[in-house]
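Engineer: Just so it is clear, I am handing over my_file-v4.txt, which has compact mmCIF, C-alpha atoms.
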# COMPACT_ATOMS: atom_id res chain seq x y z
CA MET A 1 6.91 -2.69 -24.96
CA SER A 2 3.44 -1.88 -26.27
CA LEU A 3 1.75 1.46 -25.78
CA GLN A 4 -0.90 -0.20 -23.59
CA ILE A 5 1.70 -1.59 -21.20
CA LYS A 6 3.50 1.77 -21.05
CA ALA A 7 0.23 3.54 -20.29
CA SER A 8 -0.62 0.94 -17.62
CA PHE A 9 2.81 1.37 -16.01
CA LYS A 10 2.26 5.14 -15.89
CA LYS A 11 -1.22 4.69 -14.46
CA GLU A 12 0.00 2.31 -11.70
CA LEU A 13 2.95 4.51 -10.79
CA LEU A 14 0.76 7.60 -10.53
CA ALA A 15 -1.81 5.70 -8.48
CA PHE A 16 0.93 4.38 -6.19
CA PHE A 17 2.86 7.60 -5.60
CA ARG A 18 0.33 10.41 -6.01
CA THR A 19 -2.09 8.78 -3.58
CA LYS A 20 0.83 8.60 -1.11
CA ARG A 21 0.33 4.84 -0.67
CA PHE A 22 3.99 4.17 -1.42
CA TRP A 23 5.19 6.75 1.09
CA ILE A 24 2.90 5.42 3.81
CA ILE A 25 4.12 1.85 3.21
CA ALA A 26 7.74 3.02 3.17
CA LEU A 27 7.26 5.01 6.38
CA VAL A 28 5.68 2.04 8.15
CA ILE A 29 8.26 -0.54 7.05
CA ILE A 30 11.31 1.65 7.64
CA GLY A 31 9.80 3.00 10.86
CA LEU A 32 9.37 -0.52 12.18
CA SER A 33 13.00 -1.29 11.36
CA VAL A 34 14.07 1.53 13.68
CA PHE A 35 11.37 1.22 16.33
CA SER A 36 11.67 -2.55 16.90
CA PRO A 37 15.30 -2.59 18.21
CA LEU A 38 14.60 0.47 20.33
CA LEU A 39 11.50 -1.19 21.79
CA ILE A 40 13.44 -4.34 22.72
CA THR A 41 16.15 -2.25 24.35
CA GLY A 42 13.58 -0.19 26.21
CA MET A 43 11.84 -3.31 27.48
CA GLY A 44 15.16 -4.65 28.73
CA ALA A 45 15.93 -1.39 30.53
CA LEU A 46 12.46 -1.30 32.07
CA VAL A 47 12.71 -4.87 33.34
CA ASP A 48 16.15 -4.10 34.75
CA MET A 49 14.81 -1.04 36.60
CA MET A 50 12.02 -3.14 38.10
CA SER A 51 14.27 -6.08 39.00
CA ASP A 52 14.11 -5.25 42.74
CA LEU A 53 10.33 -5.31 42.62
CA TYR A 54 10.36 -8.68 40.87
CA GLU A 55 12.78 -10.06 43.46
CA GLU A 56 10.31 -9.20 46.23
CA PHE A 57 7.90 -11.59 44.56
CA GLY A 58 10.60 -14.24 44.22
CA MET A 59 11.11 -13.75 40.49
CA ASP A 60 14.59 -13.72 38.97
CA VAL A 61 14.52 -11.64 35.78
CA SER A 62 18.28 -11.42 35.27
CA MET A 63 18.22 -13.89 32.37
CA LEU A 64 15.36 -12.04 30.70
CA THR A 65 17.15 -8.72 31.08
CA GLU A 66 20.32 -10.19 29.61
CA ALA A 67 18.40 -11.68 26.68
CA LEU A 68 16.62 -8.42 25.88
CA GLY A 69 19.71 -6.25 25.96
CA SER A 70 22.60 -8.48 25.02
CA SER A 71 22.94 -8.88 21.26
CA SER A 72 22.14 -7.02 18.06
CA SER A 73 20.69 -10.15 16.48
CA ILE A 74 17.71 -9.80 18.84
CA GLY A 75 17.01 -6.30 17.51
CA VAL A 76 17.30 -7.26 13.85
CA SER A 77 15.16 -10.37 14.30
CA SER A 78 12.51 -8.23 16.00
CA SER A 79 12.54 -5.92 12.98
CA ILE A 80 12.02 -8.88 10.66
CA SER A 81 9.09 -10.08 12.73
CA ASP A 82 7.42 -6.67 12.75
CA ILE A 83 8.05 -5.93 9.07
CA THR A 84 6.74 -9.30 7.88
CA GLY A 85 3.87 -9.02 10.34
CA ALA A 86 2.48 -5.53 10.91
CA GLY A 87 4.28 -4.10 7.88
CA LEU A 88 2.77 -6.76 5.60
CA ILE A 89 -0.74 -6.10 6.94
CA VAL A 90 -0.48 -2.36 6.28
CA MET A 91 0.91 -2.96 2.80
CA LEU A 92 -1.83 -5.42 1.80
CA LEU A 93 -4.57 -3.09 3.00
CA LEU A 94 -3.13 -0.11 1.12
CA LEU A 95 -2.86 -2.17 -2.09
CA ASN A 96 -6.56 -3.00 -2.10
CA SER A 97 -7.24 -0.52 -4.87
CA ALA A 98 -4.68 -2.16 -7.16
CA ALA A 99 -5.80 -5.65 -6.17
CA GLY A 100 -9.31 -5.52 -7.59
CA GLY A 101 -10.67 -2.47 -5.78
CA GLU A 102 -10.72 -0.44 -8.98
CA GLN A 103 -12.91 -3.09 -10.63
CA LYS A 104 -15.54 -2.69 -7.94
CA LYS A 105 -15.63 1.04 -8.69
CA ARG A 106 -16.03 0.21 -12.41
CA SER A 107 -13.06 2.44 -13.25
CA VAL A 108 -11.68 -0.10 -15.73
CA ILE A 109 -14.85 -0.52 -17.78
CA ILE A 110 -14.04 2.22 -20.28
CA PRO A 111 -10.40 1.10 -20.80
CA ARG A 112 -11.54 -2.50 -21.27
CA SER A 113 -14.23 -1.38 -23.69
CA ALA A 114 -11.60 0.57 -25.61
CA GLY A 115 -9.51 -2.58 -26.04
CA LEU A 116 -7.30 -2.77 -22.92
CA GLN A 117 -5.78 -6.24 -22.86
CA SER A 118 -5.57 -8.35 -19.73
CA THR A 119 -1.78 -8.63 -19.99
CA ALA A 120 -1.34 -4.86 -20.16
CA TYR A 121 -3.66 -4.47 -17.18
CA ILE A 122 -2.05 -7.12 -14.97
CA PHE A 123 1.66 -7.06 -15.89
CA PRO A 124 2.58 -3.62 -14.41
CA LYS A 125 0.95 -4.56 -11.10
CA PHE A 126 3.17 -7.64 -10.76
CA ILE A 127 6.27 -5.54 -11.41
CA ILE A 128 5.71 -2.32 -9.47
CA TYR A 129 4.17 -3.52 -6.22
CA PRO A 130 6.20 -6.70 -5.50
CA LEU A 131 9.50 -5.03 -6.42
CA SER A 132 8.66 -2.04 -4.22
CA ALA A 133 8.03 -4.38 -1.29
CA PHE A 134 11.30 -6.22 -1.97
CA VAL A 135 13.40 -3.05 -2.11
CA LEU A 136 11.79 -1.57 1.00
CA ALA A 137 12.46 -4.76 2.96
CA ILE A 138 16.17 -4.68 2.10
CA ILE A 139 16.44 -0.96 2.91
CA ALA A 140 14.69 -1.58 6.23
CA MET A 141 17.17 -4.31 7.17
CA MET A 142 20.10 -2.07 6.21
CA ILE A 143 18.72 0.56 8.59
CA SER A 144 17.86 -1.89 11.36
CA TYR A 145 21.41 -3.25 11.43
CA PRO A 146 23.28 -0.05 12.48
CA VAL A 147 20.48 0.84 14.90
CA SER A 148 20.77 -2.56 16.57
CA VAL A 149 24.56 -2.39 16.66
CA TYR A 150 24.34 1.00 18.34
CA VAL A 151 21.78 0.20 21.03
CA PHE A 152 22.85 -3.34 21.96
CA GLU A 153 25.97 -4.27 23.85
CA VAL A 154 27.21 -7.12 21.63
CA ASN A 155 27.21 -7.23 17.85
CA ASP A 156 26.84 -10.92 17.02
CA VAL A 157 25.45 -10.61 13.50
CA THR A 158 27.30 -9.80 10.27
CA PHE A 159 26.18 -7.45 7.55
CA PHE A 160 26.03 -10.39 5.11
CA ARG A 161 23.51 -12.18 7.30
CA VAL A 162 21.43 -9.02 7.60
CA ILE A 163 21.33 -8.56 3.81
CA LEU A 164 20.43 -12.22 3.34
CA ALA A 165 17.65 -11.87 5.90
CA GLY A 166 16.47 -8.74 4.09
CA VAL A 167 16.35 -10.60 0.77
CA LEU A 168 14.30 -13.41 2.30
CA SER A 169 11.98 -10.92 4.01
CA GLY A 170 11.59 -9.07 0.71
CA VAL A 171 10.71 -12.25 -1.17
CA TYR A 172 8.19 -13.05 1.57
CA LEU A 173 6.52 -9.65 1.09
CA MET A 174 6.63 -10.14 -2.69
CA PHE A 175 4.96 -13.52 -2.40
CA TYR A 176 2.00 -12.24 -0.41
CA THR A 177 1.73 -9.15 -2.62
CA CYS A 178 1.43 -11.37 -5.70
CA PHE A 179 -1.02 -13.61 -3.87
CA HIS A 180 -3.14 -10.55 -3.02
CA LEU A 181 -2.98 -9.18 -6.57
CA THR A 182 -4.02 -12.50 -8.07
CA LEU A 183 -6.89 -13.19 -5.72
CA GLY A 184 -8.09 -9.59 -5.74
CA THR A 185 -8.03 -8.99 -9.49
CA ALA A 186 -9.52 -12.43 -10.19
CA THR A 187 -12.52 -11.89 -7.91
CA GLY A 188 -12.82 -8.11 -7.88
CA ILE A 189 -13.23 -8.28 -4.09
CA ALA A 190 -10.10 -6.65 -2.68
CA GLY A 191 -11.25 -6.70 0.95
CA MET A 192 -11.81 -10.44 0.90
CA SER A 193 -8.44 -10.97 -0.77
CA ALA A 194 -6.64 -8.89 1.87
CA ALA A 195 -8.43 -10.76 4.66
CA VAL A 196 -7.40 -14.13 3.21
CA CYS A 197 -3.77 -13.07 2.77
CA ILE A 198 -3.52 -11.51 6.24
CA SER A 199 -5.10 -14.54 7.87
CA ALA A 200 -2.76 -16.88 5.98
CA SER A 201 0.32 -14.87 6.97
CA ILE A 202 -0.64 -14.96 10.65
CA ILE A 203 -1.97 -18.49 10.96
CA LEU A 204 0.50 -20.32 8.73
CA SER A 205 3.57 -18.61 10.22
CA ASN A 206 2.46 -19.53 13.73
CA ILE A 207 1.73 -23.12 12.70
CA PHE A 208 5.10 -23.57 11.00
CA ALA A 209 6.91 -21.97 13.96
CA PHE A 210 5.06 -24.25 16.40
CA ILE A 211 5.70 -27.53 14.58
CA GLY A 212 9.26 -26.56 13.62
CA THR A 213 8.81 -27.58 10.00
CA ASP A 214 11.56 -27.54 7.41
CA TYR A 215 11.70 -24.18 5.62
CA MET A 216 12.86 -25.60 2.28
CA PHE A 217 10.35 -25.16 -0.59
CA ASN A 218 8.00 -23.37 1.78
CA PRO A 219 7.44 -19.74 0.71
CA PHE A 220 4.91 -19.27 3.52
CA SER A 221 7.71 -19.53 6.09
CA LEU A 222 10.29 -17.33 4.40
CA ASN A 223 9.96 -14.91 7.32
CA LEU A 224 11.02 -17.67 9.70
CA MET A 225 13.92 -18.58 7.43
CA ALA A 226 14.97 -14.91 7.41
CA THR A 227 15.09 -14.88 11.19
CA SER A 228 17.04 -18.15 11.29
CA MET A 229 19.70 -16.58 9.06
CA LEU A 230 20.68 -14.29 11.91
CA PHE A 231 21.47 -17.15 14.28
CA ASN A 232 22.97 -19.74 11.91
CA ASP A 233 25.88 -19.86 9.54
CA PRO A 234 24.45 -19.16 6.07
CA THR A 235 27.72 -20.00 4.29
CA SER A 236 27.41 -23.76 4.70
CA GLY A 237 26.58 -25.69 1.55
CA VAL A 238 23.32 -27.17 2.78
CA LYS A 239 21.99 -23.90 4.12
CA ALA A 240 22.95 -21.99 0.97
CA LEU A 241 21.23 -24.63 -1.16
CA ASP A 242 18.09 -24.43 1.00
CA VAL A 243 17.96 -20.66 0.66
CA VAL A 244 18.47 -20.60 -3.11
CA ALA A 245 16.02 -23.45 -3.73
CA THR A 246 13.33 -21.85 -1.57
CA VAL A 247 13.71 -18.42 -3.18
CA VAL A 248 13.62 -19.90 -6.70
CA PHE A 249 10.57 -21.96 -5.79
CA ALA A 250 8.82 -18.86 -4.38
CA LEU A 251 9.63 -16.86 -7.52
CA GLY A 252 8.26 -19.69 -9.64
CA ILE A 253 4.98 -19.58 -7.72
CA MET A 254 4.81 -15.80 -8.25
CA VAL A 255 5.16 -16.29 -12.01
CA LEU A 256 2.40 -18.90 -11.85
CA LEU A 257 0.21 -16.48 -9.88
CA TYR A 258 0.72 -13.88 -12.63
CA PHE A 259 -0.49 -16.25 -15.33
CA ILE A 260 -3.46 -17.24 -13.16
CA ALA A 261 -4.37 -13.56 -12.79
CA VAL A 262 -4.15 -13.01 -16.56
CA PHE A 263 -6.21 -16.13 -17.23
CA ALA A 264 -8.85 -15.03 -14.71
CA GLN A 265 -9.11 -11.61 -16.36
CA ASN A 266 -9.59 -13.21 -19.74
CA ALA A 267 -12.19 -15.64 -18.38
CA ARG A 268 -14.37 -13.33 -16.33
CA ARG A 269 -16.44 -10.31 -17.24
CA ILE A 270 -16.57 -7.21 -15.09
CA ASP A 271 -20.12 -6.49 -13.95
CA ASN A 272 -21.34 -3.47 -15.91
CA SER A 273 -24.86 -3.53 -14.47
CA GLY A 274 -26.26 -0.56 -12.61
CA ASN A 275 -26.81 3.09 -13.35
CA GLU A 276 -24.15 4.55 -11.10
CA ILE A 277 -21.39 6.53 -12.76
CA ASP A 278 -18.06 6.83 -10.92
CA LEU A 279 -15.93 9.65 -12.26
Any chance you could put this one into structure tokens?
Structural biologist:
Amino acid sequence: MSLQIKASFKKELLAFFRTKRFWIIALVIIGLSVFSPLLITGMGALVDMMSDLYEEFGMDVSMLTEALGSSSSIGVSSSISDITGAGLIVMLLLLNSAAGGEQKKRSVIIPRSAGLQSTAYIFPKFIIYPLSAFVLAIIAMMISYPVSVYVFEVNDVTFFRVILAGVLSGVYLMFYTCFHLTLGTATGIAGMSAAVCISASIILSNIFAFIGTDYMFNPFSLNLMATSMLFNDPTSGVKALDVVATVVFALGIMVLLYFIAVFAQNARRIDNSGNEIDL
């Protein structure tokens, strides 16, 4: 490993941890894994308490109450939805600085002028941030599982399914992190990149859920595949093949996004115009 890459790794790690961005992301993702099952349980208890009031209006909420408080799979699936939704949005916004924001502040002009290579600049970003998102997603699912088992009456999901769902959720977060890093560093406009990624995660997930499309080879719907793992048998040959093929395909796209980011850095020039000096 070259000295430039080592220095870039150190710079990214310090920027990630000393600015407390990592701890905020971790708190949000892990917090959602605990809060989501509790929220579903609380909603079920609230509806049950108000069942008499609903009956006066001719509404039978017994099935809704049973659905909200019956099984642990509901709690874990709610955690997946919140982590790949709200958790992803928070993470993308906090990674704006790494995804091109530093270029706008001209903080990379001097390193580039001193000979910083595009590979050394981009490579650590595609290791530190996606892997952090992947690990946090798995940890969150491992926490959501015992919480859901404790607060719900029936445990209808196995630990293997939860881990598999966590892996798929982690790959989903990795995919959008790489997408954000590529678009942001290529354009130098981190806010626009975050807006595009957030919009894509919301719109595409809803479209795929509405049309009921096949999840295979579709990294944009890995969050939906993660949820489906909790309600289907993942040990069957077809399902296992779908999961492996989709994950490999998503990882292949991430590698492609890395090379696109490196190519874009080599092809573009950072705007050095202006008299402002950012220290």
Engineer: Taking all atoms of region 246-253 of chain A that appear in the file, build a box with edges along x, y and z, extend it by 5 Å on every side, and state its centre and edge lengths in Å to one decimal, as AutoDock Vina command-line options.
Structural biologist:
--center_x 9.3 --center_y -19.4 --center_z -5.6 --size_x 18.7 --size_y 15.1 --size_z 18.1
Engineer: By how many Å are CA of Val157 (chain A) and CA of Ser73 (chain A) apart?
Structural biologist: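 Going from CA of Val157 (chain A) over to CA of Ser73 (chain A), I get 5.6 Å.
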Engineer: When you draw a straight line from CA of Lys20 (chain A) to CA of Val167 (chain A), how long is it in Å?
Structural biologist: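 Interatomic distance, CA of Lys20 (chain A) to CA of Val167 (chain A): 24.8 Å.
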Engineer: Record the distance separating CA of Met142 (chain A) and CA of Ala99 (chain A), expressed in Å with one decimal.
Structural biologist: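 Interatomic distance here is 28.9 Å.
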Engineer: Quick one: of A:Ser8, A:Ser205, A:Ser228, A:Ser72, who's nearest to Tyr150 (chain A), counting only C-alpha atoms?
Structural biologist: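 Among A:Ser8, A:Ser205, A:Ser228, A:Ser72, it is A:Ser72 that comes nearest to Tyr150 (chain A).
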Engineer: Enumerate, as an NGL selection string, the protein, DNA and RNA residues whose atoms approach (10.0, -0.9, 16.9) to within 12 Å, taking into account all atoms listed in the file and the coordinate frame of the file.
Structural biologist: :A and (28-43 or 74-83 or 86-87 or 140 or 144 or 147-148)
Engineer: Can you pull out the residues contacting Pro130 (chain A)? Cut-off 8 Å, using all atoms listed in the file, and skip same-chain residues under 2 positions away; I want them as a ChimeraX atom specification.
Structural biologist: /A:125-128,132-134,173-175,177-178
Engineer: Which residue out of A:Leu27, A:Ala226, A:Leu93, A:Leu13 has the minimum interatomic distance to Ala194 (chain A) when only C-alpha atoms are used?
Structural biologist: A:Leu93
Engineer: So, with all atoms listed in the file as the atoms that count, which of A:Leu164, A:Ile5, A:Ala26, A:Leu88 lies closest to Thr227 (chain A)?
Structural biologist: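 Of A:Leu164, A:Ile5, A:Ala26, A:Leu88, the one nearest Thr227 (chain A) is A:Leu164, counting all atoms listed in the file.
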Engineer: Could you give me, as a list in words, the residues that sit within 6 Å of (-3.5, -12.0, -10.3) in the file's coordinates, counting all atoms listed in the file?
Structural biologist: Leu181, Thr182, Leu183, Thr185, Leu257, Tyr258, Ile260 and Ala261 of chain A
Engineer: Got a sec: who's within 12 Å of Pro219 (chain A), counting all atoms listed in the file, leaving out chain neighbours fewer than 4 positions off, as number ranges by chain?
Structural biologist: A: 168-176, 179, 200-201, 204-205, 208, 214-215, 223-226, 242-254
